[in-house]
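To start, the structure under review is shown below, and the notes come after it.
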Amino acid sequence: MLKVTDMNVYYGAIHAIKGISFEVNEGEIVTLIGANGAGKSTTLKTISGLLRSKTGGISFMGQDIKNMPPHKIVELGIAHVPEGRRIFSRMTVEENLEMGAFTCKPQDIPPDIERVFERFPRLKERRRQIAGTLSGGEQQMLAMGRGLMSHPKLMMLDEPSMGLAPLLVYQIFEIIRELNRAGTTILLVEQNAQMALSIADRGYVLETGRIVTAADSAVLLDDSAVQKAYLGG
Ligand code: ATP
């Protein structure tokens with residue numbers, strides 16, 4: 001479904017992504033794990049067209065998306081739920097969801113919002129609340145709900161567990177699993193490697209801009225180097 005080949009990304013003189021290649025198949029949950037600064041967010045931003053790779057290719061469902069503008073990439077079916085949620089904090093919950101609906105026909109927006117509320121009942125109760133006053137977990141739900149408004153085939157989630165209490169992390173990961181069961185393919189970036197590998201089919205380990213290991217999640221959970229570096233054991 002998504003194929004990244006020889007991605008190289010620079011911030012001025014800083015070579016942040018050093019020739020990585022990976023793929024995500026339809027129906028999978030794939031995780032990119034790695035320490036702070038490994039290049040996980042940069043990878044997602046490059047796929048969604050916010051940054052450019054100097055070399056190689058990015059294809060999605062057979063189409064070359066490497067030089068497409070971000071809104072076209074959303075229209076093709078990729079939603080990016082960024083790190084730190086990036087909700088519109090002065091707008092209400094409902095207005096935030098409307099902002100995610102720029103690819104939709106106006107008549108589809110109210111039923112789409114209801115569909116998001118079915119998945120996130122907590123947001124429905126708070127539909128007129130100013131988004132900046134939501135709890136961290138609720139803001140994460142809103143960021144995911146806003147992403148769902150574009151009917152993504154592939155959802156890219158950047159550190160959804162960041163700053164959340166363990167019970168909420170568990171709930172967010174359950175929701176990711178449900179979205180996947182309902183047919184959305186997931187590319188999940190996480191520092192919480194244990195949780196990410198527990199729901200993912202496969203994982204890639206990123207270290208200073210390079211993929212150093214790629215395997216099924218069960219294999220990575222069992223790998224002593226991965227355990228030592230990322231699983232606290
Ligand atoms: P984290 O888990 O801390 O978010 P990450 O794996 O997502 O880390 P990136 O944010 O992709 O890492 O950063 C990769 C590298 O690129 C880091 O060395 C970072 O300092 C650098 N970098 C990221 N954004 C910029 C920028 N706007 N300007 C310059 N360097 C940047």
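Numbering starts fresh at 1 for the residues of each chain in the structure tokens, the chains themselves are lettered A, B, ... in the order given, and ligands are numbered from 1 as they appear.
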Show which residues sit within 8 Å of range 178-192 of chain A, as a ChimeraX atom specification. Count only C-alpha atoms, and ignore same-chain residues fewer than 3 positions away. /A:24-36,40-41,152-161,174-175,195-196,230
Can you write just those residues out, C-alpha atoms, as an mmCIF file, in the first residue's frame?
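File produced: result_36.cif:
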```
data_model
loop_
_atom_site.group_PDB
_atom_site.id
_atom_site.type_symbol
_atom_site.label_atom_id
_atom_site.label_comp_id
_atom_site.auth_asym_id
_atom_site.auth_seq_id
_atom_site.Cartn_x
_atom_site.Cartn_y
_atom_site.Cartn_z
ATOM 1 C CA VAL A 24 3.226 -0.930 4.839
ATOM 2 C CA ASN A 25 0.803 -3.479 3.430
ATOM 3 C CA GLU A 26 -2.929 -2.987 3.349
ATOM 4 C CA GLY A 27 -4.583 -4.062 6.610
ATOM 5 C CA GLU A 28 -1.413 -3.991 8.683
ATOM 6 C CA ILE A 29 -0.365 -2.111 11.775
ATOM 7 C CA VAL A 30 3.287 -1.234 11.295
ATOM 8 C CA THR A 31 5.321 0.601 13.890
ATOM 9 C CA LEU A 32 8.452 2.725 13.637
ATOM 10 C CA ILE A 33 10.221 2.742 16.971
ATOM 11 C CA GLY A 34 13.316 4.630 18.011
ATOM 12 C CA ALA A 35 14.797 7.011 20.543
ATOM 13 C CA ASN A 36 14.377 10.805 20.630
ATOM 14 C CA LYS A 40 10.443 9.105 13.266
ATOM 15 C CA SER A 41 8.483 12.360 12.986
ATOM 16 C CA PRO A 152 -8.253 7.670 5.479
ATOM 17 C CA LYS A 153 -7.150 4.337 4.108
ATOM 18 C CA LEU A 154 -3.839 4.789 5.917
ATOM 19 C CA MET A 155 -3.607 6.579 9.234
ATOM 20 C CA MET A 156 -0.192 7.732 10.447
ATOM 21 C CA LEU A 157 -0.073 8.350 14.187
ATOM 22 C CA ASP A 158 2.860 10.186 15.732
ATOM 23 C CA GLU A 159 3.367 9.259 19.393
ATOM 24 C CA PRO A 160 -0.275 8.952 20.412
ATOM 25 C CA SER A 161 0.751 7.827 23.899
ATOM 26 C CA GLU A 174 -7.390 -0.225 21.977
ATOM 27 C CA ILE A 175 -8.959 2.418 19.735
ATOM 28 C CA MET A 195 2.848 -0.904 23.648
ATOM 29 C CA ALA A 196 3.476 -0.287 19.961
ATOM 30 C CA TYR A 230 13.830 0.052 23.926
#
```
Residues flagged strand (DSSP E or B) by DSSP in range 78-158 of chain A, as a VMD selection string: chain A and resid 78 to 81 92 130 154 to 158
Any chance you can output those residues with all heavy atoms as a short mmCIF file (atom, residue, chain, number, x, y, z; two decimals), in the first residue's frame?
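To be explicit, this is the file written out as again38.cif:
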```cif
data_model
loop_
_atom_site.label_atom_id
_atom_site.label_comp_id
_atom_site.auth_asym_id
_atom_site.auth_seq_id
_atom_site.Cartn_x
_atom_site.Cartn_y
_atom_site.Cartn_z
N ILE A 78 -4.38 9.39 2.92
CA ILE A 78 -3.43 9.31 4.04
C ILE A 78 -3.74 10.41 5.05
O ILE A 78 -3.76 11.58 4.69
CB ILE A 78 -1.96 9.46 3.56
CG1 ILE A 78 -1.61 8.37 2.55
CG2 ILE A 78 -1.01 9.43 4.75
CD1 ILE A 78 -0.15 8.40 2.07
N ALA A 79 -4.01 10.04 6.30
CA ALA A 79 -4.22 11.03 7.36
C ALA A 79 -3.02 10.99 8.29
O ALA A 79 -2.51 9.92 8.62
CB ALA A 79 -5.49 10.74 8.13
N HIS A 80 -2.57 12.17 8.71
CA HIS A 80 -1.41 12.28 9.59
C HIS A 80 -1.90 12.91 10.90
O HIS A 80 -2.36 14.03 10.90
CB HIS A 80 -0.40 13.19 8.88
CG HIS A 80 0.89 13.37 9.62
ND1 HIS A 80 1.95 14.04 9.08
CD2 HIS A 80 1.31 13.00 10.84
CE1 HIS A 80 2.96 14.06 9.92
NE2 HIS A 80 2.59 13.44 11.02
N VAL A 81 -1.80 12.16 11.98
CA VAL A 81 -2.16 12.70 13.30
C VAL A 81 -0.84 13.07 13.97
O VAL A 81 -0.08 12.20 14.39
CB VAL A 81 -2.94 11.66 14.14
CG1 VAL A 81 -3.35 12.26 15.49
CG2 VAL A 81 -4.17 11.17 13.37
N THR A 92 -13.95 24.91 19.16
CA THR A 92 -14.64 23.83 19.87
C THR A 92 -14.25 22.48 19.28
O THR A 92 -13.63 22.41 18.21
CB THR A 92 -16.18 23.97 19.75
OG1 THR A 92 -16.52 23.78 18.36
CG2 THR A 92 -16.68 25.32 20.24
N ILE A 130 -14.35 24.12 24.38
CA ILE A 130 -13.15 24.64 23.71
C ILE A 130 -12.06 23.58 23.81
O ILE A 130 -11.76 23.07 24.90
CB ILE A 130 -12.70 25.97 24.39
CG1 ILE A 130 -13.80 27.04 24.26
CG2 ILE A 130 -11.38 26.47 23.84
CD1 ILE A 130 -14.11 27.48 22.83
N LEU A 154 -5.03 4.95 5.08
CA LEU A 154 -3.84 4.79 5.92
C LEU A 154 -3.81 5.93 6.93
O LEU A 154 -3.90 7.10 6.56
CB LEU A 154 -2.57 4.87 5.05
CG LEU A 154 -1.24 4.93 5.81
CD1 LEU A 154 -0.94 3.62 6.54
CD2 LEU A 154 -0.09 5.26 4.85
N MET A 155 -3.70 5.56 8.20
CA MET A 155 -3.61 6.58 9.23
C MET A 155 -2.20 6.52 9.84
O MET A 155 -1.76 5.46 10.27
CB MET A 155 -4.66 6.31 10.30
CG MET A 155 -4.97 7.50 11.14
SD MET A 155 -6.53 7.20 11.97
CE MET A 155 -6.92 8.86 12.43
N MET A 156 -1.53 7.67 9.86
CA MET A 156 -0.19 7.73 10.45
C MET A 156 -0.31 8.46 11.78
O MET A 156 -0.76 9.61 11.84
CB MET A 156 0.76 8.51 9.53
CG MET A 156 0.84 7.92 8.14
SD MET A 156 2.28 8.53 7.21
CE MET A 156 1.94 10.27 7.09
N LEU A 157 0.08 7.79 12.84
CA LEU A 157 -0.07 8.35 14.19
C LEU A 157 1.30 8.59 14.78
O LEU A 157 2.11 7.66 14.88
CB LEU A 157 -0.83 7.34 15.07
CG LEU A 157 -2.25 7.01 14.62
CD1 LEU A 157 -2.70 5.68 15.19
CD2 LEU A 157 -3.20 8.11 15.06
N ASP A 158 1.55 9.84 15.17
CA ASP A 158 2.86 10.19 15.73
C ASP A 158 2.76 10.29 17.25
O ASP A 158 2.19 11.24 17.78
CB ASP A 158 3.36 11.51 15.12
CG ASP A 158 4.85 11.73 15.35
OD1 ASP A 158 5.43 11.02 16.21
OD2 ASP A 158 5.43 12.58 14.68
#
```
Item checked: Surrounding residues of range 8-15 of chain A excluding itself and chain neighbours under 6 positions, 12 Å, only C-alpha atoms, as a PyMOL selection string -> chain A and resi 21+37-47+49-58+66+208-210
Atoms kept (N, CA, C and O atoms) for selection, written as a compact mmCIF listing (two decimals), in the first residue's frame:
```txt
# COMPACT_ATOMS: atom_id res chain seq x y z
N SER A 21 14.27 2.68 3.60
CA SER A 21 13.26 2.06 2.74
C SER A 21 12.41 1.16 3.62
O SER A 21 12.93 0.44 4.47
N GLY A 37 14.84 11.85 18.51
CA GLY A 37 15.72 12.35 17.47
C GLY A 37 16.13 11.32 16.43
O GLY A 37 16.94 11.61 15.55
N ALA A 38 15.57 10.11 16.48
CA ALA A 38 15.95 9.07 15.53
C ALA A 38 15.47 9.40 14.11
O ALA A 38 16.03 8.91 13.13
N GLY A 39 14.41 10.20 14.03
CA GLY A 39 13.90 10.58 12.70
C GLY A 39 12.48 10.09 12.42
O GLY A 39 12.01 10.13 11.28
N LYS A 40 11.78 9.67 13.46
CA LYS A 40 10.44 9.10 13.27
C LYS A 40 9.47 10.16 12.74
O LYS A 40 8.76 9.92 11.75
N SER A 41 9.43 11.32 13.42
CA SER A 41 8.48 12.36 12.99
C SER A 41 8.84 12.88 11.60
O SER A 41 7.96 13.15 10.78
N THR A 42 10.12 13.00 11.34
CA THR A 42 10.58 13.48 10.03
C THR A 42 10.09 12.54 8.93
O THR A 42 9.65 12.98 7.86
N THR A 43 10.13 11.24 9.20
CA THR A 43 9.67 10.26 8.21
C THR A 43 8.19 10.48 7.90
O THR A 43 7.79 10.53 6.73
N LEU A 44 7.38 10.63 8.94
CA LEU A 44 5.94 10.82 8.71
C LEU A 44 5.68 12.14 7.97
O LEU A 44 4.85 12.19 7.05
N LYS A 45 6.38 13.19 8.36
CA LYS A 45 6.18 14.49 7.71
C LYS A 45 6.55 14.42 6.23
O LYS A 45 5.96 15.10 5.40
N THR A 46 7.53 13.61 5.90
CA THR A 46 7.95 13.49 4.50
C THR A 46 6.91 12.71 3.70
O THR A 46 6.58 13.07 2.57
N ILE A 47 6.35 11.68 4.31
CA ILE A 47 5.30 10.92 3.61
C ILE A 47 4.11 11.83 3.35
O ILE A 47 3.51 11.81 2.27
N GLY A 49 4.05 14.94 2.82
CA GLY A 49 4.32 16.04 1.90
C GLY A 49 4.73 17.33 2.57
O GLY A 49 4.87 18.36 1.89
N LEU A 50 4.95 17.31 3.89
CA LEU A 50 5.35 18.53 4.60
C LEU A 50 6.85 18.78 4.45
O LEU A 50 7.31 19.91 4.55
N LEU A 51 7.59 17.70 4.24
CA LEU A 51 9.04 17.79 3.97
C LEU A 51 9.30 16.98 2.69
O LEU A 51 8.46 16.17 2.31
N ARG A 52 10.45 17.21 2.08
CA ARG A 52 10.77 16.51 0.83
C ARG A 52 11.99 15.62 0.99
O ARG A 52 12.97 16.01 1.63
N SER A 53 11.91 14.45 0.37
CA SER A 53 13.07 13.57 0.31
C SER A 53 13.89 13.96 -0.91
O SER A 53 13.34 14.20 -1.99
N LYS A 54 15.19 13.98 -0.74
CA LYS A 54 16.07 14.38 -1.86
C LYS A 54 16.17 13.29 -2.92
O LYS A 54 16.48 13.56 -4.07
N THR A 55 15.97 12.05 -2.48
CA THR A 55 16.19 10.93 -3.40
C THR A 55 15.05 9.93 -3.27
O THR A 55 14.17 10.08 -2.42
N GLY A 56 15.08 8.90 -4.09
CA GLY A 56 14.18 7.76 -3.94
C GLY A 56 12.74 8.08 -4.31
O GLY A 56 12.47 9.04 -5.03
N GLY A 57 11.82 7.28 -3.79
CA GLY A 57 10.42 7.43 -4.15
C GLY A 57 9.50 7.10 -2.99
O GLY A 57 9.88 6.42 -2.04
N ILE A 58 8.28 7.64 -3.06
CA ILE A 58 7.23 7.28 -2.10
C ILE A 58 6.00 6.98 -2.93
O ILE A 58 5.52 7.85 -3.67
N LYS A 66 5.57 11.41 -4.08
CA LYS A 66 6.75 12.08 -3.52
C LYS A 66 6.73 13.60 -3.66
O LYS A 66 7.16 14.31 -2.78
N THR A 208 19.27 7.08 14.59
CA THR A 208 19.91 8.22 13.92
C THR A 208 19.72 8.18 12.40
O THR A 208 20.69 8.21 11.63
N GLY A 209 18.47 8.12 11.99
CA GLY A 209 18.13 8.26 10.58
C GLY A 209 18.29 7.02 9.73
O GLY A 209 18.11 7.07 8.51
N ARG A 210 18.60 5.88 10.37
CA ARG A 210 18.74 4.63 9.59
C ARG A 210 17.87 3.53 10.20
O ARG A 210 17.72 3.48 11.42
```
Pull the alpha helix (DSSP H) assignments for range 77-149 of chain A out of DSSP run on the backbone, and list those residues as a PyMOL selection string.
chain A and resi 93-99+109-119+121-125+136-148
Nearest to Glu95 in chain A, restricted to only C-alpha atoms and choosing among A:Ile172, A:Met144, A:Leu220, A:Ile109, comes out as A:Ile109
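Between CA of Glu94 in chain A and CA of Gln139 in chain A lies a distance of 12.4 Å.
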### Message
Report as a list in words all protein, DNA and RNA residues lying within 12 Å of Glu114 in chain A, evaluated on only C-alpha atoms, omitting residues in the same chain fewer than 3 positions from it.
### Response
Glu94, Leu97, Glu98, Asp108, Ile109, Pro110, Pro111, Phe117, Glu118, Arg119, Phe120, Pro121, Leu123, Lys124, Glu125, Arg127, Gly145, Leu148 and Met149 of chain A
Write out, as a compact mmCIF listing (two decimals), in the first residue's frame, the residues just selected, with all heavy atoms.
```txt
# COMPACT_ATOMS: atom_id res chain seq x y z
N GLU A 94 -16.27 20.34 17.96
CA GLU A 94 -16.97 20.17 16.68
C GLU A 94 -16.27 20.95 15.55
O GLU A 94 -16.12 20.44 14.44
CB GLU A 94 -18.41 20.64 16.84
CG GLU A 94 -19.34 20.05 15.85
CD GLU A 94 -20.78 20.09 16.34
OE1 GLU A 94 -21.07 20.69 17.39
OE2 GLU A 94 -21.62 19.51 15.65
N LEU A 97 -13.29 19.14 14.31
CA LEU A 97 -13.63 18.03 13.41
C LEU A 97 -13.97 18.57 12.01
O LEU A 97 -13.58 17.98 11.00
CB LEU A 97 -14.79 17.22 13.98
CG LEU A 97 -14.46 16.49 15.29
CD1 LEU A 97 -15.70 15.76 15.81
CD2 LEU A 97 -13.32 15.49 15.10
N GLU A 98 -14.66 19.70 11.98
CA GLU A 98 -14.99 20.31 10.68
C GLU A 98 -13.71 20.67 9.92
O GLU A 98 -13.65 20.53 8.70
CB GLU A 98 -15.85 21.57 10.87
CG GLU A 98 -17.29 21.23 11.23
CD GLU A 98 -18.08 22.43 11.77
OE1 GLU A 98 -17.54 23.54 11.78
OE2 GLU A 98 -19.23 22.22 12.20
N ASP A 108 -21.86 15.81 3.62
CA ASP A 108 -21.34 14.62 4.31
C ASP A 108 -20.79 14.94 5.69
O ASP A 108 -20.51 14.04 6.48
CB ASP A 108 -20.21 13.98 3.49
CG ASP A 108 -20.72 13.36 2.20
OD1 ASP A 108 -21.94 13.08 2.15
OD2 ASP A 108 -19.94 13.18 1.26
N ILE A 109 -20.57 16.24 5.97
CA ILE A 109 -19.86 16.59 7.20
C ILE A 109 -20.65 16.20 8.47
O ILE A 109 -20.11 15.51 9.34
CB ILE A 109 -19.43 18.08 7.20
CG1 ILE A 109 -18.41 18.28 6.05
CG2 ILE A 109 -18.81 18.48 8.54
CD1 ILE A 109 -17.98 19.72 5.83
N PRO A 110 -21.95 16.59 8.58
CA PRO A 110 -22.66 16.21 9.83
C PRO A 110 -22.68 14.69 10.08
O PRO A 110 -22.35 14.26 11.20
CB PRO A 110 -24.06 16.79 9.65
CG PRO A 110 -23.86 17.92 8.68
CD PRO A 110 -22.77 17.46 7.74
N PRO A 111 -23.00 13.85 9.07
CA PRO A 111 -22.95 12.40 9.37
C PRO A 111 -21.55 11.90 9.70
O PRO A 111 -21.39 10.99 10.53
CB PRO A 111 -23.49 11.72 8.10
CG PRO A 111 -23.55 12.77 7.05
CD PRO A 111 -23.59 14.10 7.73
N PHE A 117 -18.22 10.68 16.61
CA PHE A 117 -18.77 10.68 17.97
C PHE A 117 -19.16 9.27 18.42
O PHE A 117 -19.09 8.95 19.60
CB PHE A 117 -19.98 11.62 18.06
CG PHE A 117 -19.61 13.09 18.09
CD1 PHE A 117 -20.52 14.05 17.68
CD2 PHE A 117 -18.37 13.51 18.55
CE1 PHE A 117 -20.19 15.41 17.71
CE2 PHE A 117 -18.03 14.86 18.59
CZ PHE A 117 -18.94 15.81 18.17
N GLU A 118 -19.57 8.43 17.46
CA GLU A 118 -19.88 7.04 17.84
C GLU A 118 -18.62 6.33 18.33
O GLU A 118 -18.65 5.55 19.26
CB GLU A 118 -20.42 6.27 16.63
CG GLU A 118 -21.91 6.42 16.47
CD GLU A 118 -22.37 5.90 15.13
OE1 GLU A 118 -21.79 4.91 14.62
OE2 GLU A 118 -23.32 6.51 14.59
N ARG A 119 -17.50 6.64 17.67
CA ARG A 119 -16.24 6.00 18.08
C ARG A 119 -15.68 6.63 19.36
O ARG A 119 -15.06 5.96 20.16
CB ARG A 119 -15.22 6.08 16.95
CG ARG A 119 -14.03 5.23 17.20
CD ARG A 119 -13.22 4.89 15.99
NE ARG A 119 -13.83 4.09 14.96
CZ ARG A 119 -14.01 2.78 15.01
NH1 ARG A 119 -13.66 2.11 16.09
NH2 ARG A 119 -14.54 2.14 14.01
N PHE A 120 -15.92 7.92 19.53
CA PHE A 120 -15.39 8.64 20.70
C PHE A 120 -16.54 9.32 21.45
O PHE A 120 -16.72 10.54 21.33
CB PHE A 120 -14.37 9.70 20.28
CG PHE A 120 -13.17 9.17 19.54
CD1 PHE A 120 -13.08 9.29 18.16
CD2 PHE A 120 -12.12 8.56 20.22
CE1 PHE A 120 -11.97 8.81 17.48
CE2 PHE A 120 -11.01 8.09 19.55
CZ PHE A 120 -10.94 8.20 18.17
N PRO A 121 -17.31 8.57 22.22
CA PRO A 121 -18.44 9.16 22.94
C PRO A 121 -18.02 10.31 23.86
O PRO A 121 -18.79 11.25 24.06
CB PRO A 121 -19.02 8.00 23.75
CG PRO A 121 -18.48 6.76 23.12
CD PRO A 121 -17.19 7.12 22.47
N LEU A 123 -16.05 12.63 23.22
CA LEU A 123 -16.04 13.88 22.44
C LEU A 123 -17.45 14.39 22.20
O LEU A 123 -17.68 15.59 22.15
CB LEU A 123 -15.34 13.67 21.09
CG LEU A 123 -13.85 13.31 21.14
CD1 LEU A 123 -13.32 13.17 19.72
CD2 LEU A 123 -13.06 14.37 21.89
N LYS A 124 -18.38 13.46 22.07
CA LYS A 124 -19.77 13.88 21.82
C LYS A 124 -20.30 14.70 23.00
O LYS A 124 -20.91 15.75 22.81
CB LYS A 124 -20.65 12.66 21.59
CG LYS A 124 -22.06 13.03 21.21
CD LYS A 124 -22.85 11.86 20.73
CE LYS A 124 -24.18 12.35 20.20
NZ LYS A 124 -24.90 11.29 19.51
N GLU A 125 -20.01 14.20 24.22
CA GLU A 125 -20.46 14.94 25.42
C GLU A 125 -19.85 16.33 25.46
O GLU A 125 -20.37 17.22 26.11
CB GLU A 125 -19.97 14.22 26.69
CG GLU A 125 -20.56 12.86 26.92
CD GLU A 125 -19.69 12.05 27.90
OE1 GLU A 125 -18.85 12.62 28.61
OE2 GLU A 125 -19.86 10.81 27.90
N ARG A 127 -18.91 18.28 22.74
CA ARG A 127 -18.84 18.81 21.38
C ARG A 127 -18.70 20.33 21.32
O ARG A 127 -18.12 20.85 20.38
CB ARG A 127 -20.00 18.31 20.51
CG ARG A 127 -21.37 18.80 20.96
CD ARG A 127 -22.49 17.97 20.34
NE ARG A 127 -22.52 18.04 18.90
CZ ARG A 127 -23.17 17.15 18.13
NH1 ARG A 127 -23.82 16.13 18.68
NH2 ARG A 127 -23.18 17.29 16.84
N GLY A 145 -9.85 11.80 15.79
CA GLY A 145 -11.17 12.01 15.18
C GLY A 145 -11.09 12.96 14.00
O GLY A 145 -11.69 12.71 12.95
N LEU A 148 -9.82 11.11 11.13
CA LEU A 148 -10.82 10.19 10.55
C LEU A 148 -11.81 10.89 9.63
O LEU A 148 -12.44 10.25 8.79
CB LEU A 148 -11.61 9.49 11.68
CG LEU A 148 -10.87 8.41 12.44
CD1 LEU A 148 -11.73 7.91 13.59
CD2 LEU A 148 -10.50 7.26 11.50
N MET A 149 -11.95 12.21 9.80
CA MET A 149 -12.92 12.95 8.98
C MET A 149 -12.58 12.87 7.49
O MET A 149 -13.44 13.06 6.65
CB MET A 149 -12.97 14.42 9.42
CG MET A 149 -13.59 14.66 10.78
SD MET A 149 -15.34 14.23 10.88
CE MET A 149 -16.08 15.51 9.87
```
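Between ligand 1 and the candidates A:Ile211, A:Ala200, A:Ala143, A:Ile113, the tightest atom-to-atom separation, counting only C-alpha atoms and all ligand atoms, involves A:Ile211.
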Judged by only C-alpha atoms and all ligand atoms, the minimum distance to ligand 1 among A:Val205, A:Glu75, A:Arg115, A:Arg177 is found for A:Val205
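Closest approach to ligand 1 among A:Arg128, A:Lys228, A:Lys18, A:Arg86 is made by A:Lys18 (distances from only C-alpha atoms and all ligand atoms).
Of the listed residues A:Leu197, A:Val212, A:Leu134, A:Ala16, the one whose atoms come nearest to ligand 1 is A:Ala16, with distances taken using only C-alpha atoms and all ligand atoms.
Closest to ligand 1 among A:Arg126, A:Glu207, A:Gly19, A:Ile87 is A:Glu207, based on only C-alpha atoms and all ligand atoms.
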As number ranges by chain, please: the residues near Ala165 in chain A (cut-off 12 Å, only C-alpha atoms, same-chain neighbours under 4 positions excluded). A: 135-138, 160-161, 169-172
Dump of N, CA, C and O atoms for the selected residues, as a short mmCIF file (atom, residue, chain, number, x, y, z; two decimals), in the first residue's frame:
```cif
data_model
loop_
_atom_site.label_atom_id
_atom_site.label_comp_id
_atom_site.auth_asym_id
_atom_site.auth_seq_id
_atom_site.Cartn_x
_atom_site.Cartn_y
_atom_site.Cartn_z
N SER A 135 -8.78 17.29 28.36
CA SER A 135 -7.63 16.60 28.95
C SER A 135 -6.72 16.07 27.83
O SER A 135 -7.14 16.03 26.65
N GLY A 136 -5.52 15.67 28.20
CA GLY A 136 -4.57 15.16 27.20
C GLY A 136 -5.14 14.00 26.39
O GLY A 136 -5.00 13.95 25.16
N GLY A 137 -5.79 13.08 27.07
CA GLY A 137 -6.35 11.92 26.38
C GLY A 137 -7.48 12.32 25.44
O GLY A 137 -7.60 11.80 24.32
N GLU A 138 -8.30 13.26 25.90
CA GLU A 138 -9.40 13.73 25.05
C GLU A 138 -8.86 14.47 23.82
O GLU A 138 -9.39 14.34 22.72
N PRO A 160 1.02 8.72 19.77
CA PRO A 160 -0.28 8.95 20.41
C PRO A 160 -0.25 8.77 21.92
O PRO A 160 -1.12 9.30 22.61
N SER A 161 0.74 8.08 22.45
CA SER A 161 0.75 7.83 23.90
C SER A 161 1.43 8.95 24.68
O SER A 161 1.42 8.93 25.91
N VAL A 169 -3.29 5.43 27.88
CA VAL A 169 -2.46 4.87 26.81
C VAL A 169 -3.11 3.57 26.33
O VAL A 169 -3.29 3.34 25.13
N TYR A 170 -3.51 2.77 27.29
CA TYR A 170 -4.15 1.50 26.97
C TYR A 170 -5.41 1.74 26.12
O TYR A 170 -5.65 1.08 25.11
N GLN A 171 -6.22 2.71 26.55
CA GLN A 171 -7.47 3.00 25.82
C GLN A 171 -7.19 3.47 24.39
O GLN A 171 -7.84 3.04 23.44
N ILE A 172 -6.20 4.35 24.25
CA ILE A 172 -5.86 4.86 22.91
C ILE A 172 -5.39 3.71 22.01
O ILE A 172 -5.77 3.61 20.85
#
```
- Mind pulling up the distance from CA of Arg85 in chain A to CA of Gly132 in chain A?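 Taking CA of Gly132 in chain A as the start and CA of Arg85 in chain A as the end point, the length is 10.9 Å.
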